[in-house]
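Colleague: Below are the structure tokens for one structure; questions will follow.
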Amino acid sequence: MDSSLLSLVFAASLAGFCALSLAMDRHSEDVYGRGSTPGRWRRWLQLGGAVLLCLSLGGSLRVAGSAVGWVLWLGTLTAAALSTVALLSYAPRRFHWIAFAATAVALCSLLASLLSPSSASLAP
């Protein structure tokens with residue numbers, strides 16, 4: 001299995017759940033302080049979270065095929081959701097930095113998987 005695609009699947013899932021949680025008033029107040037809401041960024045955070053979750057689905061289907069890829073994706077979603085809950089509970093002030101880092105890792109992994117010569121041909 002391609003390690004850059006596996007890191008893409010988890011990092012994109014984590015970043016997607018982080019974006020979706022920051023789009024909610026309660027979690028935004030936990031991270032940025034009382035009285036702060038996502039405001040006009042809400043729709044962009046929701047759209048970005050959905051795109052990142054779709055990106056993680058595409059990466060898991062590409063790395064493990066159509067049969068096992070769905071199971072890999074659901075397992076990764078579970079791990080990313082639990083990580084998001086743990087981050088919101090135990091490190092809310094560092095949450096947005098970890099979300100930015102996960103997004104950067106996902107984008108770098110996507111770039112690495114697109115540029116690697118082994119991604120040009122898929123094994124059946």
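Starting from 1 in every chain, residues are counted up; chains themselves are A, B, ... following the order of the structure tokens, and ligands are numbered from 1 as listed.
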Got a sec: who's within 12 Å of Leu82 (chain A), counting only C-alpha atoms, leaving out chain neighbours fewer than 3 positions off, as a ChimeraX atom specification?
Modeller: /A:10,13-14,17-18,75-79,85-89
Colleague: Based on the selection just made, write N, CA, C and O atoms of those residues as an mmCIF file, in the first residue's frame.
Modeller:
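Generated output (again-v2.cif):
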```cif
data_model
loop_
_atom_site.group_PDB
_atom_site.id
_atom_site.type_symbol
_atom_site.label_atom_id
_atom_site.label_comp_id
_atom_site.auth_asym_id
_atom_site.auth_seq_id
_atom_site.Cartn_x
_atom_site.Cartn_y
_atom_site.Cartn_z
ATOM 1 N N PHE A 10 -6.130 9.514 6.225
ATOM 2 C CA PHE A 10 -6.352 9.905 7.614
ATOM 3 C C PHE A 10 -6.300 11.419 7.798
ATOM 4 O O PHE A 10 -7.144 11.996 8.490
ATOM 5 N N SER A 13 -9.432 13.040 6.457
ATOM 6 C CA SER A 13 -10.577 12.760 7.331
ATOM 7 C C SER A 13 -10.524 13.615 8.587
ATOM 8 O O SER A 13 -11.534 14.193 9.005
ATOM 9 N N LEU A 14 -9.348 13.703 9.190
ATOM 10 C CA LEU A 14 -9.194 14.514 10.398
ATOM 11 C C LEU A 14 -9.453 15.987 10.104
ATOM 12 O O LEU A 14 -10.188 16.664 10.832
ATOM 13 N N PHE A 17 -13.252 16.575 9.519
ATOM 14 C CA PHE A 17 -14.032 16.625 10.751
ATOM 15 C C PHE A 17 -13.716 17.875 11.564
ATOM 16 O O PHE A 17 -14.606 18.438 12.213
ATOM 17 N N CYS A 18 -12.484 18.320 11.544
ATOM 18 C CA CYS A 18 -12.128 19.560 12.244
ATOM 19 C C CYS A 18 -12.847 20.751 11.623
ATOM 20 O O CYS A 18 -13.375 21.616 12.340
ATOM 21 N N GLY A 75 -13.248 2.869 8.678
ATOM 22 C CA GLY A 75 -12.345 2.766 9.827
ATOM 23 C C GLY A 75 -11.567 4.039 10.067
ATOM 24 O O GLY A 75 -11.380 4.471 11.211
ATOM 25 N N THR A 76 -11.132 4.656 8.990
ATOM 26 C CA THR A 76 -10.404 5.914 9.104
ATOM 27 C C THR A 76 -11.319 7.035 9.608
ATOM 28 O O THR A 76 -10.897 7.869 10.409
ATOM 29 N N LEU A 77 -12.557 7.043 9.145
ATOM 30 C CA LEU A 77 -13.512 8.027 9.646
ATOM 31 C C LEU A 77 -13.734 7.861 11.146
ATOM 32 O O LEU A 77 -13.821 8.854 11.879
ATOM 33 N N THR A 78 -13.805 6.622 11.596
ATOM 34 C CA THR A 78 -13.986 6.372 13.017
ATOM 35 C C THR A 78 -12.800 6.889 13.818
ATOM 36 O O THR A 78 -12.964 7.570 14.838
ATOM 37 N N ALA A 79 -11.591 6.588 13.357
ATOM 38 C CA ALA A 79 -10.382 7.053 14.056
ATOM 39 C C ALA A 79 -10.275 8.578 14.033
ATOM 40 O O ALA A 79 -9.911 9.200 15.038
ATOM 41 N N VAL A 85 -12.850 14.395 18.634
ATOM 42 C CA VAL A 85 -13.497 14.516 19.941
ATOM 43 C C VAL A 85 -12.453 14.673 21.040
ATOM 44 O O VAL A 85 -12.588 15.499 21.942
ATOM 45 N N ALA A 86 -11.381 13.885 20.961
ATOM 46 C CA ALA A 86 -10.322 13.982 21.971
ATOM 47 C C ALA A 86 -9.636 15.346 21.919
ATOM 48 O O ALA A 86 -9.346 15.946 22.965
ATOM 49 N N LEU A 87 -9.395 15.862 20.727
ATOM 50 C CA LEU A 87 -8.762 17.179 20.603
ATOM 51 C C LEU A 87 -9.661 18.284 21.143
ATOM 52 O O LEU A 87 -9.190 19.208 21.811
ATOM 53 N N LEU A 88 -10.942 18.207 20.850
ATOM 54 C CA LEU A 88 -11.868 19.222 21.359
ATOM 55 C C LEU A 88 -11.995 19.150 22.875
ATOM 56 O O LEU A 88 -12.198 20.170 23.531
ATOM 57 N N SER A 89 -11.854 17.959 23.428
ATOM 58 C CA SER A 89 -11.998 17.804 24.878
ATOM 59 C C SER A 89 -10.742 18.199 25.634
ATOM 60 O O SER A 89 -10.818 18.847 26.674
#
```
Colleague: For region 40-52 of chain A, please output as a PyMOL selection string all residues within 9 Å (counting only C-alpha atoms; exclusion window: fewer than 6 positions along the same chain).
Modeller: chain A and resi 11-24+103+106
Colleague: May I ask which of the residues A:Trp73, A:Ala80, A:Val31, A:Ser7 is the closest one to Arg94 (chain A), counting only C-alpha atoms?
Modeller: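 Closest candidate: A:Val31.
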Colleague: So which residues of chain A fall under helix (DSSP H, G or I) by DSSP, listed as a PyMOL selection string?
Modeller: chain A and resi 3-22+25-32+39-90+95-115+117-120
